[in-house]
Amino acid sequence: MEFLMRRIILLITIGLILFTGTANAQLEIGGSYELRNEDPKNGFGLRIQKGILGSVPVVDLGIRLHASFFSEEFDRDNLGQDYSIEYTNYDVGVAGYGGVSLGLIQPYAGIGIGTENYEAVVNNYSVSGDLNPEGDESNLYWNLFTGAKVTVIPMVKPFVEYRYSNKELSSPTLADAQSGRIMFGVLLSF
């Protein structure tokens with residue numbers, strides 16, 4: 001747990017250093033609904049991002065802090081014994097991105113790093129043996145993402161984004177080292 005807290009504090013510190021260095025650029029805060037290809041599949045995300053070059057009219061370069069939370073409970077049956085497993089996953093990261101403004105639509109792409117924590121807790125489990133799926137795992141990852149924002153109202157920007165993550169920074173032999181997710185959300189610009 002202490003190692004995870006150190007990583008989170010390091011990511012937040014990097015983000016704060018980057019965010020305080022840009023005075024004239026636009027700040028965006030948003031939320032998203034996220035779907036991914038591993039359990040739990042559905043979750044929510046938050047992001048704060050800030051442009052680096054506020055004076056360039058067409059090019060949009062910036063940095064982002066993002067966090068996601070996933071939680072789901074599955075009912076299982078083992079040798080006639082019913083139990084449930086609650087999976088919880090959260091991640092935080094920092095990323096750099098670049099894009100262009102093409103009128104109402106703003107496509108972008110970026111790269112980042114982050115940390116993720118995964119936890120499985122068994123409820124009502126009374127069967128003895130080696131089938132205990134409880135556990136706690138923490139990983140470092142790098143990610144690539146691409147997406148597009150739409151400027152409906154100057155302050156409100158709906159977006160769609162796809163993020164590919166690779167957890168090989170923590171373990172090159174990790175079985176589920178790669179994952180993808182699609183996000184639908186809204187950014188508020190200030």
# chains A, B, ... in the order shown; residues from 1 in each chain; ligands from 1
>>> select_by_dssp(residues="range 21-116 of chain A", states="strand (DSSP E)", output="MDAnalysis selection string")
chainID A and resid 27:36 42:51 59:78 81:100 105:116
>>> residues_around(residues="Gly112 in chain A", least_positions_apart="2", cutoff="9 Å", atoms="only C-alpha atoms", output="PyMOL selection string")
chain A and resi 64+93-97+110+114+141-145
>>> closest_residue(among="A:Ile48, A:Ile63, A:Val122, A:Leu187", to="Asp136 in chain A", atoms="only C-alpha atoms")
A:Val122
>>> closest_residue(among="A:Pro107, A:Gly30, A:Gly180, A:Pro40", to="Tyr87 in chain A", atoms="only C-alpha atoms")
A:Pro40
>>> atom_distance(atom1="CA of Glu72 in chain A", atom2="CA of Asp39 in chain A")
7.8 Å
>>> closest_residue(among="A:Phe190, A:Tyr164, A:Phe159, A:Phe184", to="Asn37 in chain A", atoms="only C-alpha atoms")
A:Tyr164
>>> atom_distance(atom1="CA of Asp91 in chain A", atom2="CA of Met155 in chain A")
27.0 Å
>>> closest_residue(among="A:Ser179, A:Asn123, A:Lys157, A:Leu46", to="Ser84 in chain A", atoms="only C-alpha atoms")
A:Asn123
>>> closest_residue(among="A:Ile111, A:Ala148, A:Val121, A:Ile29", to="Ile182 in chain A", atoms="only C-alpha atoms")
A:Ala148
>>> residues_around(residues="Asp60 in chain A", least_positions_apart="4", cutoff="9 Å", atoms="only C-alpha atoms", output="ChimeraX atom specification")
/A:51-54,56,97-101,106,108
>>> write_last_selection(atoms="C-alpha atoms", output="PDB file, in the first residue's frame")
ATOM      1  CA  GLY A  51      -3.275  23.255 -22.834  1.00  0.00           C
ATOM      2  CA  ILE A  52       0.384  24.180 -23.011  1.00  0.00           C
ATOM      3  CA  LEU A  53       0.244  26.611 -25.937  1.00  0.00           C
ATOM      4  CA  GLY A  54      -2.676  28.981 -25.454  1.00  0.00           C
ATOM      5  CA  VAL A  56      -1.524  28.977 -31.175  1.00  0.00           C
ATOM      6  CA  TYR A  97      -1.535  15.013 -25.920  1.00  0.00           C
ATOM      7  CA  GLY A  98      -1.637  16.902 -29.174  1.00  0.00           C
ATOM      8  CA  GLY A  99      -4.415  17.719 -31.599  1.00  0.00           C
ATOM      9  CA  VAL A 100      -5.794  20.147 -34.113  1.00  0.00           C
ATOM     10  CA  SER A 101      -8.936  22.269 -34.271  1.00  0.00           C
ATOM     11  CA  GLN A 106     -10.977  18.515 -32.486  1.00  0.00           C
ATOM     12  CA  TYR A 108      -6.267  14.395 -30.689  1.00  0.00           C
TER      13      TYR A 108
END
>>> atom_distance(atom1="CA of Arg181 in chain A", atom2="CA of Asn139 in chain A")
16.9 Å
>>> closest_residue(among="A:Ile105, A:Leu27, A:Ile85, A:Ile113", to="Ala67 in chain A", atoms="only C-alpha atoms")
A:Ile113
